[in-house]
Structures are given as C-alpha cells and as structure tokens.
>>> print(open('protein_3.txt').read())   # compact mmCIF, C-alpha atoms
# COMPACT_ATOMS: atom_id res chain seq x y z
CA MET G 8 106.97 86.50 94.93
CA LYS G 9 110.32 88.26 94.53
CA GLU G 10 110.63 87.11 90.94
CA ARG G 11 107.06 88.16 90.18
CA ILE G 12 107.39 91.72 91.47
CA VAL G 13 110.81 92.24 89.89
CA ASN G 14 109.57 90.92 86.53
CA TYR G 15 106.43 93.07 86.63
CA ILE G 16 108.37 96.24 87.48
CA SER G 17 110.82 95.49 84.64
CA TYR G 18 107.89 94.88 82.28
CA MET G 19 106.37 98.26 83.17
CA ASP G 20 109.74 100.01 82.88
CA GLU G 21 110.13 98.60 79.35
CA ILE G 22 106.69 99.85 78.36
CA LEU G 23 107.33 103.27 79.87
CA ALA G 24 110.70 103.51 78.13
CA LYS G 25 109.03 103.30 74.72
CA GLU G 26 108.12 106.52 72.98
CA GLU G 27 105.05 105.08 71.31
CA THR G 28 101.98 107.27 71.40
CA GLU G 29 99.62 104.45 70.44
CA ILE G 30 99.82 102.61 73.75
CA ALA G 31 96.41 101.99 75.28
CA TYR G 32 97.14 103.89 78.46
CA GLN G 33 93.70 103.42 80.00
CA GLU G 34 93.89 99.61 79.90
CA LEU G 35 97.50 99.67 81.02
CA LEU G 36 96.59 101.98 83.90
CA GLU G 37 93.76 99.69 85.02
CA GLU G 38 96.02 96.62 84.84
CA HIS G 39 98.69 98.47 86.80
CA LEU G 40 96.20 99.42 89.51
CA VAL G 41 95.19 95.78 89.89
CA GLN G 42 98.83 94.79 90.29
CA ILE G 43 99.42 97.60 92.80
CA ARG G 44 96.47 96.40 94.88
CA PHE G 45 97.75 92.84 94.75
CA PHE G 46 101.25 93.80 95.90
CA MET G 47 99.88 96.20 98.53
CA HIS G 48 97.90 93.31 100.02
CA GLU G 49 100.99 91.11 99.93
CA ARG G 50 102.99 93.90 101.57
CA LEU G 51 100.43 94.26 104.36
CA ILE G 52 100.42 90.53 105.10
CA HIS G 53 104.22 90.43 105.19
CA LEU G 54 104.32 93.50 107.43
CA LEU G 55 102.05 91.75 109.94
CA VAL G 56 104.07 88.54 109.79
CA THR G 57 107.34 90.48 110.16
CA ILE G 58 106.00 92.38 113.17
CA LEU G 59 104.79 89.13 114.74
CA PHE G 60 108.18 87.48 114.28
CA ALA G 61 109.97 90.58 115.61
CA VAL G 62 107.78 90.63 118.74
CA LEU G 63 108.21 86.90 119.28
CA THR G 64 111.98 87.14 118.77
CA PHE G 65 112.29 90.06 121.17
CA SER G 66 110.06 88.36 123.76
CA THR G 67 112.08 85.17 123.52
CA PHE G 68 115.30 87.16 123.84
CA LEU G 69 113.99 88.86 127.00
CA ALA G 70 112.88 85.53 128.44
CA LEU G 71 116.31 84.12 127.59
CA TYR G 72 117.98 87.04 129.34
CA PHE G 73 116.08 86.44 132.58
CA PHE G 74 115.70 82.64 132.43
CA PHE G 75 118.53 81.07 130.48
CA SER G 76 117.82 77.67 128.96
CA ILE G 77 119.01 75.81 125.90
CA GLY G 78 115.45 75.45 124.61
CA LEU G 79 114.86 79.21 124.74
CA MET G 80 118.19 79.83 123.04
CA ILE G 81 117.30 77.47 120.20
CA LEU G 82 113.87 79.09 119.88
CA CYS G 83 115.39 82.58 119.86
CA LEU G 84 117.94 81.65 117.19
CA SER G 85 115.25 79.93 115.09
CA LEU G 86 113.03 83.00 115.23
CA LEU G 87 115.97 85.23 114.36
CA VAL G 88 116.85 83.05 111.37
CA LEU G 89 113.27 83.43 110.14
CA LEU G 90 113.03 87.15 110.95
CA VAL G 91 115.96 88.24 108.79
CA PRO G 92 114.55 86.88 105.48
CA TYR G 93 111.13 88.34 106.35
CA ILE G 94 112.71 91.76 106.78
CA PHE G 95 114.50 91.51 103.44
CA HIS G 96 111.34 90.32 101.69
CA TYR G 97 109.27 93.11 103.21
CA TYR G 98 111.94 95.60 102.12
CA LEU G 99 111.63 94.31 98.56
CA LEU G 100 107.84 94.55 98.63
CA GLU G 101 107.87 98.05 100.12
CA ASN G 102 110.35 99.39 97.59
CA GLY G 103 108.59 97.59 94.75
CA VAL G 104 105.22 99.11 95.59
CA GLN G 105 106.81 102.56 95.91
CA LYS G 106 108.34 102.09 92.44
CA MET G 107 104.92 101.03 91.12
CA TYR G 108 103.42 104.26 92.51
CA ARG G 109 105.97 106.25 90.51
CA GLN G 110 105.16 104.19 87.42
CA TYR G 111 101.46 104.89 87.97
CA ASP G 112 102.14 108.62 88.18
CA LEU G 113 104.10 108.46 84.93
CA LEU G 114 101.29 106.51 83.26
CA LEU G 115 98.80 109.19 84.35
CA LYS G 116 101.05 111.90 82.99
CA ARG G 117 101.45 110.07 79.68
CA MET G 118 97.73 109.44 79.46
CA LYS G 119 97.01 113.16 79.83
CA ASN G 120 99.83 114.25 77.56
CA PRO G 121 101.05 111.30 75.41
CA ILE G 122 103.74 113.28 73.59
CA ASP G 123 105.76 114.00 76.78
CA LYS G 124 108.29 111.47 77.89
>>> encode(input="protein_3.txt", output="structure tokens")
Amino acid sequence: MKERIVNYISYMDEILAKEETEIAYQELLEEHLVQIRFFMHERLIHLLVTILFAVLTFSTFLALYFFFSIGLMILCLSLLVLLVPYIFHYYLLENGVQKMYRQYDLLLKRMKNPIDK
C-alpha cells in the first residue's frame, strides 16, 4: 500500500507540474476523487486497527504491571512490535490523504482557471 500511495501522489504531482492547458481536468478530478475515497477508506481501517493494537498493548502492559508473568511480557512485546509499524503506516496514509486533498484543491483551481499555475 505504501508504494501505491507514494506512486499515485508522485503521478499527480507530475501532472500538476505541467503547464499544459489541454489536460482533461474533469476526468482527472473524477479519477482523483475515486483514489481519495479509496485511500480514505484504507486510512479509516488502519486507524481502527492501530487503535485496537494500542488498547491491547496498553491493557497488556497494565496487566503485566500488576501480574508479572513471562507470557504477558511476550504478549506485550509482540503487540508493541506490531503497533509501531501500524503507527508508521497510518502516518503515511494520513499525510498522503492530506496531500491528495491539496492536489484536489489545485485541480479545482486549474479547472476553473486553466491558465494559472
């Protein structure tokens, strides 16, 4: 998913960097909205998973604090190892979708006034 969102944002940046006035902005805008919806859905799912892992990690840590056992320690470390990549992936999705919003605004501006850059 990381590669897909990074490639799509780069693709849109390349299109927006061009000064061509003959770009079909309406079709590009519709395609961009579909991609935004797709990544927003992905972002929501990863937010829920990240929250779940954070709650489970914190709960396990509390249980470990009050009732120390090797099994709880292994579980807590395992959840922590999974939580960190989820946080980084969610960060990427969040920032990517925010960047796509800015691209959408620029597309709207260009569609209304194609001469402006």
>>> atom_distance(input="protein_3.txt", atom1="CA of Glu49 (chain G)", atom2="CA of Lys106 (chain G)")
15.2 Å
>>> closest_residue(input="protein_3.txt", among="G:Leu99, G:Ile16, G:Leu79, G:Met118", to="Thr67 (chain G)", atoms="only C-alpha atoms")
G:Leu79
>>> closest_residue(input="protein_3.txt", among="G:Leu54, G:Leu87, G:Leu100, G:Ile94", to="Ile12 (chain G)", atoms="all atoms listed in the file")
G:Leu100
>>> residues_around(input="protein_3.txt", residues="region 18-25 of chain G", least_positions_apart="3", cutoff="12 Å", atoms="all atoms listed in the file", output="number ranges by chain")
G: 10-15, 28-32, 35-36, 38-39, 42-43, 103, 106-118, 121-124
>>> write_last_selection(input="protein_3.txt", atoms="C-alpha atoms", output="compact mmCIF listing (two decimals), keeping the file's coordinate frame")
# COMPACT_ATOMS: atom_id res chain seq x y z
CA GLU G 10 110.63 87.11 90.94
CA ARG G 11 107.06 88.16 90.18
CA ILE G 12 107.39 91.72 91.47
CA VAL G 13 110.81 92.24 89.89
CA ASN G 14 109.57 90.92 86.53
CA TYR G 15 106.43 93.07 86.63
CA THR G 28 101.98 107.27 71.40
CA GLU G 29 99.62 104.45 70.44
CA ILE G 30 99.82 102.61 73.75
CA ALA G 31 96.41 101.99 75.28
CA TYR G 32 97.14 103.89 78.46
CA LEU G 35 97.50 99.67 81.02
CA LEU G 36 96.59 101.98 83.90
CA GLU G 38 96.02 96.62 84.84
CA HIS G 39 98.69 98.47 86.80
CA GLN G 42 98.83 94.79 90.29
CA ILE G 43 99.42 97.60 92.80
CA GLY G 103 108.59 97.59 94.75
CA LYS G 106 108.34 102.09 92.44
CA MET G 107 104.92 101.03 91.12
CA TYR G 108 103.42 104.26 92.51
CA ARG G 109 105.97 106.25 90.51
CA GLN G 110 105.16 104.19 87.42
CA TYR G 111 101.46 104.89 87.97
CA ASP G 112 102.14 108.62 88.18
CA LEU G 113 104.10 108.46 84.93
CA LEU G 114 101.29 106.51 83.26
CA LEU G 115 98.80 109.19 84.35
CA LYS G 116 101.05 111.90 82.99
CA ARG G 117 101.45 110.07 79.68
CA MET G 118 97.73 109.44 79.46
CA PRO G 121 101.05 111.30 75.41
CA ILE G 122 103.74 113.28 73.59
CA ASP G 123 105.76 114.00 76.78
CA LYS G 124 108.29 111.47 77.89
>>> closest_residue(input="protein_3.txt", among="G:His96, G:Val91, G:Phe65, G:Met8", to="Phe45 (chain G)", atoms="all atoms listed in the file")
G:Met8
>>> atom_distance(input="protein_3.txt", atom1="CA of Ala61 (chain G)", atom2="CA of Cys83 (chain G)")
10.6 Å
>>> atom_distance(input="protein_3.txt", atom1="CA of Ile52 (chain G)", atom2="CA of Ile81 (chain G)")
26.1 Å
>>> closest_residue(input="protein_3.txt", among="G:Glu37, G:Asn120, G:Ala70, G:Tyr97", to="Lys9 (chain G)", atoms="all atoms listed in the file")
G:Tyr97
>>> residues_near_point(input="protein_3.txt", point="(113.7, 81.6, 122.6)", cutoff="12 Å", atoms="all atoms listed in the file", output="mmCIF file with C-alpha atoms, in the coordinates of the input")
data_model
loop_
_atom_site.group_PDB
_atom_site.id
_atom_site.type_symbol
_atom_site.label_atom_id
_atom_site.label_comp_id
_atom_site.auth_asym_id
_atom_site.auth_seq_id
_atom_site.Cartn_x
_atom_site.Cartn_y
_atom_site.Cartn_z
ATOM 1 C CA PHE G 60 108.180 87.480 114.280
ATOM 2 C CA ALA G 61 109.970 90.580 115.610
ATOM 3 C CA VAL G 62 107.780 90.630 118.740
ATOM 4 C CA LEU G 63 108.210 86.900 119.280
ATOM 5 C CA THR G 64 111.980 87.140 118.770
ATOM 6 C CA PHE G 65 112.290 90.060 121.170
ATOM 7 C CA SER G 66 110.060 88.360 123.760
ATOM 8 C CA THR G 67 112.080 85.170 123.520
ATOM 9 C CA PHE G 68 115.300 87.160 123.840
ATOM 10 C CA LEU G 69 113.990 88.860 127.000
ATOM 11 C CA ALA G 70 112.880 85.530 128.440
ATOM 12 C CA LEU G 71 116.310 84.120 127.590
ATOM 13 C CA TYR G 72 117.980 87.040 129.340
ATOM 14 C CA PHE G 73 116.080 86.440 132.580
ATOM 15 C CA PHE G 74 115.700 82.640 132.430
ATOM 16 C CA PHE G 75 118.530 81.070 130.480
ATOM 17 C CA SER G 76 117.820 77.670 128.960
ATOM 18 C CA ILE G 77 119.010 75.810 125.900
ATOM 19 C CA GLY G 78 115.450 75.450 124.610
ATOM 20 C CA LEU G 79 114.860 79.210 124.740
ATOM 21 C CA MET G 80 118.190 79.830 123.040
ATOM 22 C CA ILE G 81 117.300 77.470 120.200
ATOM 23 C CA LEU G 82 113.870 79.090 119.880
ATOM 24 C CA CYS G 83 115.390 82.580 119.860
ATOM 25 C CA LEU G 84 117.940 81.650 117.190
ATOM 26 C CA SER G 85 115.250 79.930 115.090
ATOM 27 C CA LEU G 86 113.030 83.000 115.230
ATOM 28 C CA LEU G 87 115.970 85.230 114.360
ATOM 29 C CA VAL G 88 116.850 83.050 111.370
#
